[in-house]
Every structure is written in structure tokens, then in C-alpha cells.
$ cat entry_22.pdb   # PDB, C-alpha atoms
MODEL        1
ATOM      1  CA  PRO H   1      98.496 103.520 120.839
ATOM      2  CA  GLU H   2     102.284 103.622 120.290
ATOM      3  CA  VAL H   3     102.876 100.960 122.938
ATOM      4  CA  SER H   4     100.414  98.518 121.390
ATOM      5  CA  GLY H   5     102.225  98.947 118.063
ATOM      6  CA  ASP H   6     105.463  97.983 119.751
ATOM      7  CA  GLU H   7     103.868  94.968 121.392
ATOM      8  CA  SER H   8     102.316  93.796 118.149
ATOM      9  CA  ALA H   9     105.774  93.696 116.563
ATOM     10  CA  GLU H  10     106.937  91.290 119.280
ATOM     11  CA  TRP H  11     105.191  88.209 117.863
ATOM     12  CA  ILE H  12     106.503  88.792 114.340
ATOM     13  CA  LYS H  13     109.375  86.470 113.616
ATOM     14  CA  ILE H  14     111.158  87.046 110.323
ATOM     15  CA  SER H  15     114.748  86.228 109.461
ATOM     16  CA  ASP H  16     116.995  88.670 107.611
ATOM     17  CA  GLU H  17     116.758  86.395 104.586
ATOM     18  CA  GLU H  18     112.941  86.254 104.668
ATOM     19  CA  LEU H  19     112.685  90.017 105.122
ATOM     20  CA  GLU H  20     114.970  90.658 102.141
ATOM     21  CA  LYS H  21     113.077  88.120 100.026
ATOM     22  CA  LEU H  22     109.774  89.768 100.979
ATOM     23  CA  LEU H  23     111.040  93.232 100.040
ATOM     24  CA  LEU H  24     112.638  92.043  96.798
ATOM     25  CA  SER H  25     109.333  90.431  95.785
ATOM     26  CA  ILE H  26     107.787  93.913  95.561
ATOM     27  CA  LYS H  27     107.534  95.283  92.051
ATOM     28  CA  GLY H  28     109.712  98.381  91.794
ATOM     29  CA  LEU H  29     112.010  97.425  94.664
ATOM     30  CA  GLY H  30     115.288  95.923  93.558
ATOM     31  CA  LYS H  31     118.648  95.289  95.161
ATOM     32  CA  LYS H  32     119.760  98.940  94.956
ATOM     33  CA  LYS H  33     116.682 100.232  96.772
ATOM     34  CA  LEU H  34     116.869  97.350  99.239
ATOM     35  CA  SER H  35     120.468  98.248 100.081
ATOM     36  CA  LYS H  36     119.421 101.889 100.613
ATOM     37  CA  ILE H  37     116.738 100.732 103.060
ATOM     38  CA  LEU H  38     119.148  98.379 104.837
ATOM     39  CA  SER H  39     121.786 101.119 105.119
ATOM     40  CA  GLN H  40     119.252 103.214 107.064
ATOM     41  CA  PHE H  41     117.780 100.522 109.321
ATOM     42  CA  ASN H  42     119.004  97.376 111.017
ATOM     43  CA  HIS H  43     116.672  94.356 111.042
ATOM     44  CA  ALA H  44     114.816  95.199 114.274
ATOM     45  CA  GLU H  45     114.470  98.878 113.338
ATOM     46  CA  LEU H  46     113.084  97.973 109.938
ATOM     47  CA  VAL H  47     110.500  95.590 111.411
ATOM     48  CA  ASN H  48     109.433  98.260 113.918
ATOM     49  CA  THR H  49     109.307 100.899 111.183
ATOM     50  CA  LEU H  50     107.142  98.658 109.012
ATOM     51  CA  GLU H  51     104.891  98.043 111.980
ATOM     52  CA  ILE H  52     104.636 101.511 113.495
ATOM     53  CA  GLU H  53     105.485 104.198 110.950
ATOM     54  CA  PRO H  54     106.192 102.856 107.449
ATOM     55  CA  ARG H  55     105.862 106.358 105.943
ATOM     56  CA  VAL H  56     109.391 107.007 107.226
ATOM     57  CA  LEU H  57     110.629 104.764 104.388
ATOM     58  CA  GLY H  58     109.504 107.502 101.998
ATOM     59  CA  ASP H  59     112.289 109.719 103.385
ATOM     60  CA  ILE H  60     114.850 107.461 101.734
ATOM     61  CA  LYS H  61     115.993 108.733  98.357
ATOM     62  CA  SER H  62     114.277 106.902  95.454
ATOM     63  CA  ILE H  63     111.577 105.367  97.700
ATOM     64  CA  ASP H  64     108.337 107.125  96.784
ATOM     65  CA  GLY H  65     104.868 107.035  98.315
ATOM     66  CA  LYS H  66     103.577 104.393  95.906
ATOM     67  CA  LEU H  67     106.471 102.086  96.725
ATOM     68  CA  VAL H  68     105.869 102.627 100.452
ATOM     69  CA  GLU H  69     102.234 101.564  99.888
ATOM     70  CA  LYS H  70     103.382  98.386  98.124
ATOM     71  CA  ILE H  71     105.822  97.666 100.969
ATOM     72  CA  VAL H  72     103.026  98.107 103.533
ATOM     73  CA  GLU H  73     100.711  95.803 101.542
ATOM     74  CA  ALA H  74     103.407  93.115 101.319
ATOM     75  CA  TRP H  75     104.164  93.466 105.035
ATOM     76  CA  ASP H  76     100.488  93.229 105.983
ATOM     77  CA  SER H  77     100.095  90.112 103.833
ATOM     78  CA  TYR H  78     103.153  88.546 105.455
ATOM     79  CA  LYS H  79     101.769  89.285 108.930
ATOM     80  CA  GLU H  80      98.398  87.737 108.060
ATOM     81  CA  ILE H  81     100.115  84.538 106.920
ATOM     82  CA  GLN H  82     102.208  84.507 110.114
ATOM     83  CA  LYS H  83      99.159  85.086 112.288
ATOM     84  CA  GLU H  84      97.287  82.233 110.580
ATOM     85  CA  SER H  85     100.217  79.860 111.024
ATOM     86  CA  LEU H  86     100.454  80.801 114.722
ATOM     87  CA  THR H  87      96.780  80.125 115.324
ATOM     88  CA  ALA H  88      96.985  76.850 113.375
ATOM     89  CA  GLU H  89      99.613  75.421 115.750
TER      90      GLU H  89
ENDMDL
END
$ encode --input "entry_22.pdb" --output "C-alpha cells"
Amino acid sequence: PEVSGDESAEWIKISDEELEKLLLSIKGLGKKKLSKILSQFNHAELVNTLEIEPRVLGDIKSIDGKLVEKIVEAWDSYKEIQKESLTAE
């Protein structure tokens, strides 16, 4: 199961700017919390964490379980949009 999670992250293309914009669009996640997340993970690590084990984000100070849920929802929505645009091509 772990391997398929890794493979599924391969098709996801998101720029640093898009990833930051996505995270900042989440209610309760501002620039301070974003910088805490980005100080813990580089871009690729963050994408893999979102894909494989997003609960790890809850280990970051001031990121609680509810915020992790919102992050996961936003990420899942983003992936759905990406998947639809890939199949539309």
C-alpha cells in the first residue's frame, strides 16, 4: 500500500506558488502557520506527506487535528481538479 501512495504522488504537479496559495486558502491557516509547515518540509516532502501521511502535520506546533482535516480536504479537492484536467486533455 505504501508504494502505491508514492506512485500516486508522481502525477501530481503543483508549483511552490500554487501549493502556498492552496494552503493559504484554508480557513485558519495563515502565513505564520504556513511558514511553520514550510520550515519542516521542502516542497516534495510536503506533497508526499499530504499524499501518504497528512496526520504528521499535526505534530507541528499550532497545527491541530481540525486544521489537518481542512488541509486534507483542500488537497483532495485540488487532486480531483488535477485529475479531471489530465483526463480532459
$ resolve_selection --input "entry_22.pdb" --expression "the PyMOL selection byres ((chain H and resi 40) around 12)" --output "PyMOL selection string"
chain H and resi 33-39+41-46+49+56-61
$ residues_around --input "entry_22.pdb" --residues "H:Lys70" --least-positions-apart "2" --cutoff "12 Å" --atoms "only C-alpha atoms" --output "list in words"
Leu22, Leu23, Leu24, Ser25, Ile26, Lys27, Gly28, Leu29, Leu50, Pro54, Arg55, Leu57, Gly58, Ile63, Asp64, Gly65, Lys66, Leu67, Val68, Val72, Glu73, Ala74, Trp75, Asp76 and Ser77 of chain H
$ write_last_selection --input "entry_22.pdb" --atoms "C-alpha atoms" --output "tab-separated table (two decimals), keeping the file's coordinate frame"
chain	number	residue	atom	x	y	z
H	22	LEU	CA	109.77	89.77	100.98
H	23	LEU	CA	111.04	93.23	100.04
H	24	LEU	CA	112.64	92.04	96.80
H	25	SER	CA	109.33	90.43	95.78
H	26	ILE	CA	107.79	93.91	95.56
H	27	LYS	CA	107.53	95.28	92.05
H	28	GLY	CA	109.71	98.38	91.79
H	29	LEU	CA	112.01	97.42	94.66
H	50	LEU	CA	107.14	98.66	109.01
H	54	PRO	CA	106.19	102.86	107.45
H	55	ARG	CA	105.86	106.36	105.94
H	57	LEU	CA	110.63	104.76	104.39
H	58	GLY	CA	109.50	107.50	102.00
H	63	ILE	CA	111.58	105.37	97.70
H	64	ASP	CA	108.34	107.12	96.78
H	65	GLY	CA	104.87	107.04	98.32
H	66	LYS	CA	103.58	104.39	95.91
H	67	LEU	CA	106.47	102.09	96.72
H	68	VAL	CA	105.87	102.63	100.45
H	72	VAL	CA	103.03	98.11	103.53
H	73	GLU	CA	100.71	95.80	101.54
H	74	ALA	CA	103.41	93.12	101.32
H	75	TRP	CA	104.16	93.47	105.04
H	76	ASP	CA	100.49	93.23	105.98
H	77	SER	CA	100.10	90.11	103.83
$ axis_aligned_box --input "entry_22.pdb" --around "stretch 77-87 of chain H" --padding-each-side "5 Å" --output "lines of an AutoDock Vina configuration file"
center_x = 100.0
center_y = 85.0
center_z = 109.6
size_x = 16.4
size_y = 20.3
size_z = 21.5
$ atom_distance --input "entry_22.pdb" --atom1 "atom CA of H:Glu53" --atom2 "atom CA of H:Ile71"
11.9 Å
$ decode --input "entry_22.pdb" --residues "stretch 22-34 of chain H" --atoms "all heavy atoms" --output "CSV table (one decimal), in the first residue's frame"
chain,number,residue,atom,x,y,z
H,22,LEU,N,-2.8,27.3,-2.2
H,22,LEU,CA,-3.8,26.3,-1.8
H,22,LEU,C,-3.8,26.3,-0.2
H,22,LEU,O,-4.9,26.4,0.3
H,22,LEU,CB,-3.4,25.0,-2.3
H,22,LEU,CG,-4.3,23.8,-1.8
H,22,LEU,CD1,-5.6,23.8,-2.4
H,22,LEU,CD2,-3.6,22.5,-2.1
H,23,LEU,N,-2.7,26.2,0.4
H,23,LEU,CA,-2.7,26.2,1.9
H,23,LEU,C,-3.2,27.5,2.5
H,23,LEU,O,-3.9,27.4,3.5
H,23,LEU,CB,-1.3,25.9,2.4
H,23,LEU,CG,-0.8,24.5,2.0
H,23,LEU,CD1,0.7,24.3,2.3
H,23,LEU,CD2,-1.6,23.4,2.7
H,24,LEU,N,-2.8,28.6,1.9
H,24,LEU,CA,-3.3,29.9,2.5
H,24,LEU,C,-4.8,30.1,2.3
H,24,LEU,O,-5.4,30.9,2.9
H,24,LEU,CB,-2.5,31.0,1.9
H,24,LEU,CG,-1.1,31.2,2.4
H,24,LEU,CD1,-0.3,32.2,1.6
H,24,LEU,CD2,-1.0,31.5,3.9
H,25,SER,N,-5.4,29.3,1.3
H,25,SER,CA,-6.8,29.5,1.1
H,25,SER,C,-7.7,28.8,2.2
H,25,SER,O,-8.9,28.9,2.3
H,25,SER,CB,-7.2,28.9,-0.3
H,25,SER,OG,-7.2,27.5,-0.2
H,26,ILE,N,-7.0,28.0,3.1
H,26,ILE,CA,-7.7,27.2,4.1
H,26,ILE,C,-7.9,28.1,5.3
H,26,ILE,O,-7.0,28.8,5.8
H,26,ILE,CB,-6.8,26.0,4.5
H,26,ILE,CG1,-6.6,25.1,3.3
H,26,ILE,CG2,-7.4,25.3,5.7
H,26,ILE,CD1,-5.5,24.1,3.5
H,27,LYS,N,-9.2,28.2,5.7
H,27,LYS,CA,-9.5,29.0,6.9
H,27,LYS,C,-8.8,28.5,8.1
H,27,LYS,O,-8.8,27.3,8.4
H,27,LYS,CB,-11.1,28.9,7.1
H,27,LYS,CG,-11.6,29.8,8.1
H,27,LYS,CD,-13.1,29.7,8.2
H,27,LYS,CE,-13.6,30.4,9.5
H,27,LYS,NZ,-14.1,31.7,9.2
H,28,GLY,N,-8.1,29.4,8.8
H,28,GLY,CA,-7.4,29.0,10.0
H,28,GLY,C,-5.9,28.8,9.7
H,28,GLY,O,-5.1,28.5,10.6
H,29,LEU,N,-5.5,28.9,8.5
H,29,LEU,CA,-4.1,28.7,8.1
H,29,LEU,C,-3.6,29.9,7.5
H,29,LEU,O,-3.9,30.3,6.3
H,29,LEU,CB,-3.9,27.5,7.2
H,29,LEU,CG,-2.5,26.9,7.1
H,29,LEU,CD1,-2.6,25.4,6.6
H,29,LEU,CD2,-1.6,27.7,6.2
H,30,GLY,N,-2.8,30.7,8.2
H,30,GLY,CA,-2.2,31.9,7.7
H,30,GLY,C,-0.8,31.8,7.4
H,30,GLY,O,-0.2,30.7,7.4
H,31,LYS,N,-0.1,32.9,7.2
H,31,LYS,CA,1.3,32.9,6.8
H,31,LYS,C,2.2,32.4,7.9
H,31,LYS,O,3.2,31.7,7.6
H,31,LYS,CB,1.7,34.4,6.4
H,31,LYS,CG,1.1,34.8,5.1
H,31,LYS,CD,1.7,36.1,4.6
H,31,LYS,CE,1.0,36.5,3.4
H,31,LYS,NZ,1.8,36.9,2.3
H,32,LYS,N,1.9,32.6,9.2
H,32,LYS,CA,2.7,32.1,10.3
H,32,LYS,C,2.7,30.6,10.3
H,32,LYS,O,3.7,29.9,10.4
H,32,LYS,CB,2.2,32.6,11.6
H,32,LYS,CG,2.6,34.1,11.9
H,32,LYS,CD,2.2,34.5,13.3
H,32,LYS,CE,2.6,36.0,13.5
H,32,LYS,NZ,2.1,36.4,14.8
H,33,LYS,N,1.5,30.0,10.2
H,33,LYS,CA,1.4,28.5,10.2
H,33,LYS,C,2.0,27.9,8.9
H,33,LYS,O,2.6,26.9,9.0
H,33,LYS,CB,-0.1,28.1,10.4
H,33,LYS,CG,-0.6,28.4,11.8
H,33,LYS,CD,-2.0,27.9,12.0
H,33,LYS,CE,-2.5,28.3,13.4
H,33,LYS,NZ,-3.9,28.0,13.6
H,34,LEU,N,1.8,28.6,7.8
H,34,LEU,CA,2.4,28.2,6.6
H,34,LEU,C,3.9,28.1,6.7
H,34,LEU,O,4.5,27.1,6.3
H,34,LEU,CB,2.0,29.1,5.4
H,34,LEU,CG,2.6,28.7,4.1
H,34,LEU,CD1,2.2,27.3,3.6
H,34,LEU,CD2,2.3,29.8,3.0
